[in-house]
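Participant: First the structure, which I've put down as structure tokens, then a few questions once you've had a look.
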Amino acid sequence: MELTVWTYEGPPHIGAMRIATAMSGLHYVLHAPQGDTYADLLFTMIERRSKRPPVSYTTFQARDLGGDTAELFKAAARNAYDRFQPQAMIVGSSCTAELIQDDPGGLAAALDLPIPVVPLELPAYQKKENWGAAETFYRLTRALAGAKRERPHRARPLCNLLGPTALGFRHRDDVQEITKLLTQLGIDIHVVAPMGASAYDLTRLGEADFNIVLYPEIAEVAAKWLEKNHAQPYTKTIPIGVNATCDFIREIATITGLDVSEALDQHTSRLPWYSRSVDSTYLTGKRVFIFGDASHAIAAARIAQTELGFKVVGLGTYSREFAREVREAAKLYGVEALITDDYLDVEAHVANLQPELVLGTQMERHIAKRLGVPCAVISAPVHVQDFPARYSPQMGFEGANVIFDSWVHPLMMGLEEHLLAMFRDDVEFHDDAAPSHLGGKVQQLTPIASEAFREDAKPVVPEVEKGKDAPILVQWDERAEKELKKIPFFVRGKARRNTESFASARGVAMITIETLYDAKAHFSR
Amino acid sequence: MNAIQPIKANTVSGCSTAPIQERGQREVFCGLTGIVWLHRKFQDAFFLVVGSRTCAHLIQSAAGVMIFAEPRFATAILDERDLAGIADIDDELDRVVGRLLDRRPDIKLLFLVGSCPSEVIKIDLKRAALRQSRLHSPRARVLSYSGSGIETTFTQGEDACLASLVPILPPEPASAPKTLLIVGALADVIEGQFARLFDELGIGPYVFLPMRRVSELPAVGSNTTYILAQPFLGDTARALEDRGAKRIAAPFPLGEEGTTLWLRAIAQEFGISEETFDRVTASGRARAIQAIANSKKLLADKRLFLFPDSQLELPLARFLSRELAVDLIEVGTPYLHRDHLANELSLLPADVKIVEGQDVEMQLDRCRAARPDLTLCGLGLANPLEAEGLSTKWSIELIFTPIQGYEQAGDLAELFARPLNRRTRLEV
């Protein structure tokens with residue numbers, strides 16, 4: 001039993017729904033109790049989809065459990081076939097149906113439908129949403145892609161784009177941006193899947209020369225299978241950020257032998273110049289905490305550190321399947337990766353690190369809001385706000401422009417930050433002043449929702465250097481506390497933390513103004 | 001203006017056609033969804049779902065970001081060790097509940113909420129709740145109910161929750177005066193309005209269930225008279241009657257007419273004169289009628305199709321048809337409690353088509369064929385129907401918005417008028 005307040009990922013059958021909903025000509029018959037249809041609203045409300053997900057649920061109830069739930073499943077599958085006439089079908093169980101062990105795969109096979117029916121085994125008590133999506137896409141690819149075939153030599157190489165799904169973070173616009181980029185490189189796109197592909201299209205996957213994996217969380221397993229069985233190499237670089245996009249172009253050059261020098265020389269991203277322009281100096285060394293799915297978190301860390309000049313103070317993911325990759329990335333920034341799907345852990349971590357910017361999911365947006373820290377969203381799980389009406393990719397050169405804007409926007413502007421530091425007693429520059437371009441005050445901080453669950457709910461024990469004795473609980477004298485308040489609120493956390501660890505390391509039990517400035521001098525060395 | 005129209009007596013023939021039963025895919029929430037509003041109503045209670053990741057995901061999705069601050073609910077997610085019986089459920093719950101109560105000293109009442117998986121693997125939460133109550137008495141009481149989709153549909157979760165409270169309500173002393181118990185979660189503002197009306201009418205003592213705090217548990221006994229404020233409380237009503245309470249039969253307090261009939265039934269039970277009743281309710285009735293007038297211009301003669309959702313459908317249909325002159329095509333309801341809704345059925349048009357249960361695909365076929373002017377449906381269906389050119393009203397809003405009583409009659413009408421109003425404005 002695991003106590004959970006909020007969850008980053010749904011159960012694995014939600015992942016299967018993301019695949020089915022992204023595609024056409026595919027229907028999902030899900031053995032599930034009444035109530036599991038709530039999942040439809042994720043797609044129709046959050047993503048504003050104009051069609052219901054192509055899912056038929058058996059919605060069994062207690063009275064059915066005494067009877068024949070297997071018959072109920074067969075009827076649902078038969079009716080779904082008759083009504084929707086799909087090209088292919090996936091069948092499986094949600095968490096409760098898994099327990100009653102009706103074997104949807106076997107039952108569907110017994111119906112002898114004239115279409116491919118792909119059974120899904122998605123262990124709901126072990127696995128989660130992204131795993132379910134990857135497994136579903138892999139099973140479909142395996143079942144439908146057929147045998148390896150001869151490919152003609154093409155002047156313009158042909159590739160598939162793999163990974164975009166329904167409810168993905170900016171998948172819609174990433175596909176458009178990467179399609180544009182590839183076309184400019186002289187590459188044709190064959191199948192984009194799952195998003196926009198029909199079940200029939202999956203039978204054509206093997207015709208392409210190689211695969212581009214946009215989202216490894218979804219498509220890596222399928223891409224590996226295609227590499228092995230259809231001799232299609234696949235790309236490993238995720239083109240998020242200017243440098244990663246350039247690496248991605250180079251990787252494609254290696255695969256295809258195309259000359260990409262022009263594309264690399266003449267890229268149009270404004271990020272490099274914006275980042276070098278003097279007004280961006282204030283971004284230097286801003287402490288940023290990053291959390292999301294593995295691909296987006298790793299990409300964000302690279303951009304933050306090398307393209308915007310921030311300092312990555314924390315990096316983590318809820319994707320346990322990709323923990324190794326995130327750990328490796330974290331080493332680059334000298335931090336320890338946070339691998340957890342416990343929202344409370346993340347909250348405690350952010351509170352401890354006191355970053356100046358949080359890049360995370362909608363969950364971290366709420367954490368940051370409570371802690372009064374600016375935040376930008378970089379990854380699923382998604383919210384209706386993550387489906388903007390405007391074109392807003394994360395990938396490619398335009399994606400880098402979008403990222404520059406959306407990460408810098410929540411921060412205090414450069415000159416504004418200086419004025420605040422100089423005139424901190426000005427009535428309009430008081431403690432609760434928020435960036436003026438965002439209007440008004442920071443929100444009154446409500447008590448942390450999960451305060452009660454946190455291991456460190458009460459006294460905040462300052463971090464001490466490793467190897468020291470048990471931390472000493474330091475206190476602030478009144479005048480030092482007052483002086484601390486004169487430091488602008490967005491760096492005050494850092495100042496408090498630094499001073500306390502400075503005092504604690506030196507056995508100073510009472511912090512005075514003197515200690516405060518000693519610590520300042522110590523840390524500015 | 002003809003402010004107050006005479007109310008037709010309950011004896012008019014009303015709905016004469018038998019409800020049609022339908023079975024098939026049901027596009028409805030499970031009872032766990034009730035936690036979304038119940039955890040706000042009970043200020044010192046916590047809801048711990050014993051379930052799967054799906055349960056946690058459902059509550060989070062249904063709740064959206066509305067209540068991100070300080071939730072008083074969580075899910076104890078079952079894992080393979082629990083299913084295989086490797087982990088002892090008592091030990092696991094001891095650990096989880098202990099941690100929870102340690103860190104939330106404000107929690108005085110804990111509900112262990114059963115789910116589909118906990119029911120299927122037959123975790124005995126009733127027994128578990130007794131055990132936890134023993135462990136944590138007197139610091140906190142622990143109760144259990146099931147919000148599972150295999151046993152409850154959406155609002156039935158509230159029913160199951162309130163029914164679980166009834167056995168711990170203190171017994172009324174034999175000398176207790178005749179007491180009015182209003183049963184069903186209402187918005188605070190509505191409780192206040194009804195309380196003022198009861199005071200003016202001279203009805204009392206009265207008390208609301210659910211109460212806000214566990215220290216305010218109302219007493220119950222044979223001097224208790226109760227009235228349902230919501231139409232989905234069958235189990236709670238039965239449990240109260242087992243404790244000797246008597247039900248006042250009435251339509252539900254939606255719209256001017258529904259509110260008046262509901263209040264009048266109470267007034268008659270408490271021997272309040274017609275004269276007093278008319279005097280006290282006159283201004284509320286007049287305001288309600290005035291407030292719905294604008295929406296009536298938009299809604300009169302419009303054709304409405306109601307998908308099943310909360311069991312509020314019949315009272316809503318009655319309000320819309322009688323006070324706003326809406327033409328009812330089909331009234332779906334997940335479940336029809338014939339006894340509790342008898343007073344509603346008698347007010348509905350004689351030829352109304354009521355469908356109990358659901359086969360969502362068949363129902364969508366009928367809806368599309370009928371091309372209603374307005375469709376009341378759940379969030380999974382609303383945008384797809386809008387995309388097909390049909391105006392819709394989300395049914396869940398009727399649960400999260402104060403709609404009962406005189407002062408809300410206009411708001412309730414406006415909820416239905418707004419989608420039509422919006423259509424007239426948009427030129428894109």
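Ordered as shown in the structure tokens, chains take letters A, B, and onward, while each chain numbers its residues from 1 and ligands are numbered from 1 in the order shown.
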Can you tell me, as an MDAnalysis selection string, which residues in range 80-180 of chain A count as strand (DSSP E or B) by DSSP?
Facilitator: chainID A and resid 88:93 117:119 158:162
Participant: Write out, as CSV, each residue of chain A that has an atom at most 6 Å from chain B, together with the closest pair of atoms and their distance in Å to one decimal, counting only C-alpha atoms, rows going by chain and rising number.
Facilitator:
residue,atom,partner,partner_atom,distance
A:Met1,CA,B:Leu78,CA,4.7
A:Glu2,CA,B:Ile77,CA,5.0
A:Leu3,CA,B:Ala76,CA,4.5
A:Thr4,CA,B:Thr75,CA,5.2
A:Val5,CA,B:Ala74,CA,4.6
A:Gly10,CA,B:His57,CA,5.5
A:Pro11,CA,B:Thr54,CA,5.5
A:Pro33,CA,B:Ile150,CA,5.9
A:Gln34,CA,B:Gly149,CA,4.8
A:Gly35,CA,B:Cys30,CA,4.2
A:Thr37,CA,B:Glu27,CA,5.8
A:Asp40,CA,B:Gly380,CA,5.0
A:Leu41,CA,B:Gly380,CA,4.2
A:Thr44,CA,B:Gly380,CA,5.8
A:Ser50,CA,B:Pro384,CA,4.5
A:Lys51,CA,B:Pro384,CA,4.7
A:Thr58,CA,B:Gln25,CA,5.9
A:Thr59,CA,B:Gln25,CA,5.7
A:Gln61,CA,B:Ile150,CA,3.9
A:Ala62,CA,B:Ile150,CA,4.7
A:Thr96,CA,B:Pro117,CA,5.1
A:Tyr125,CA,B:Asp79,CA,5.1
A:Ala449,CA,B:Glu70,CA,3.6
A:Ala452,CA,B:Arg103,CA,4.5
A:Phe453,CA,B:Arg103,CA,5.8
Participant: Report as number ranges by chain all protein, DNA and RNA residues lying within 8 Å of range 264-268 of chain A, evaluated on only C-alpha atoms, omitting residues in the same chain fewer than 6 positions from it.
Facilitator: A: 246, 249, 397-398
Participant: Kindly give the distance, in Å, that separates CA of Pro170 in chain B and CA of Val214 in chain B, rounded to a single decimal.
Facilitator: 11.4 Å
Participant: For Ala145 in chain A, please output as JSON, numbers by chain all residues within 10 Å (counting only C-alpha atoms; exclusion window: fewer than 6 positions along the same chain).
Facilitator: {"A": [139, 199, 200, 201, 202, 203, 204, 205, 206, 207, 226, 229, 230]}
Participant: Can you work out which one of B:Val113, B:Leu169, B:Ala265, B:Ala350 has the shortest atom-to-atom distance to Arg247 in chain B, counting only C-alpha atoms?
Facilitator: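 Smallest separation from Arg247 in chain B among the options: B:Ala265.
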Participant: Would you kindly return, as a list in words, each protein, DNA or RNA residue with an atom no farther than 7 Å from any atom of range 309-315 of chain B, considering only C-alpha atoms and excluding same-chain residues fewer than 6 positions away?
Facilitator: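 Counting only the stated atoms, we get Val28, Phe154, Thr155, Pro231, Phe232, Phe252, Leu254, Val331, Gly332, Thr333, Pro334, Tyr335, Glu344, Gly378 and Ser395 of chain B.
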Participant: For Leu217 in chain B, please output as a short mmCIF file (atom, residue, chain, number, x, y, z; two decimals) with N, CA and C atoms, in the first residue's frame all residues within 10 Å (counting only C-alpha atoms; exclusion window: fewer than 4 positions along the same chain).
Facilitator:
data_model
loop_
_atom_site.label_atom_id
_atom_site.label_comp_id
_atom_site.auth_asym_id
_atom_site.auth_seq_id
_atom_site.Cartn_x
_atom_site.Cartn_y
_atom_site.Cartn_z
N LEU B 165 -22.58 7.03 8.35
CA LEU B 165 -22.59 7.88 9.54
C LEU B 165 -23.75 7.56 10.47
N VAL B 166 -24.86 7.10 9.87
CA VAL B 166 -26.09 6.96 10.66
C VAL B 166 -25.91 6.11 11.91
N ILE B 168 -23.53 5.84 13.89
CA ILE B 168 -22.82 6.49 15.00
C ILE B 168 -23.52 7.77 15.47
N LEU B 169 -24.67 8.10 14.86
CA LEU B 169 -25.41 9.26 15.37
C LEU B 169 -25.89 8.93 16.77
N PRO B 170 -25.75 9.86 17.71
CA PRO B 170 -26.18 9.58 19.08
C PRO B 170 -27.70 9.38 19.16
N VAL B 207 -31.65 20.44 12.03
CA VAL B 207 -30.22 20.18 11.94
C VAL B 207 -29.92 19.56 10.58
N PHE B 208 -28.73 19.86 10.07
CA PHE B 208 -28.37 19.40 8.72
C PHE B 208 -27.42 18.20 8.80
N LEU B 209 -27.63 17.23 7.91
CA LEU B 209 -26.71 16.11 7.76
C LEU B 209 -26.27 16.09 6.29
N PRO B 210 -25.03 16.13 5.91
CA PRO B 210 -23.85 16.10 6.76
C PRO B 210 -23.64 17.40 7.56
N MET B 211 -23.10 17.18 8.76
CA MET B 211 -22.71 18.30 9.60
C MET B 211 -21.29 18.68 9.22
N ARG B 212 -20.82 19.81 9.71
CA ARG B 212 -19.48 20.25 9.32
C ARG B 212 -18.39 19.57 10.13
N ARG B 213 -18.70 19.26 11.40
CA ARG B 213 -17.68 18.66 12.25
C ARG B 213 -18.25 17.45 12.97
#
Participant: Rounded to one decimal place, report the CA of Thr259 in chain B-CA of Tyr406 in chain B distance in Å.
Facilitator: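 CA of Tyr406 in chain B lies 6.4 Å from CA of Thr259 in chain B.
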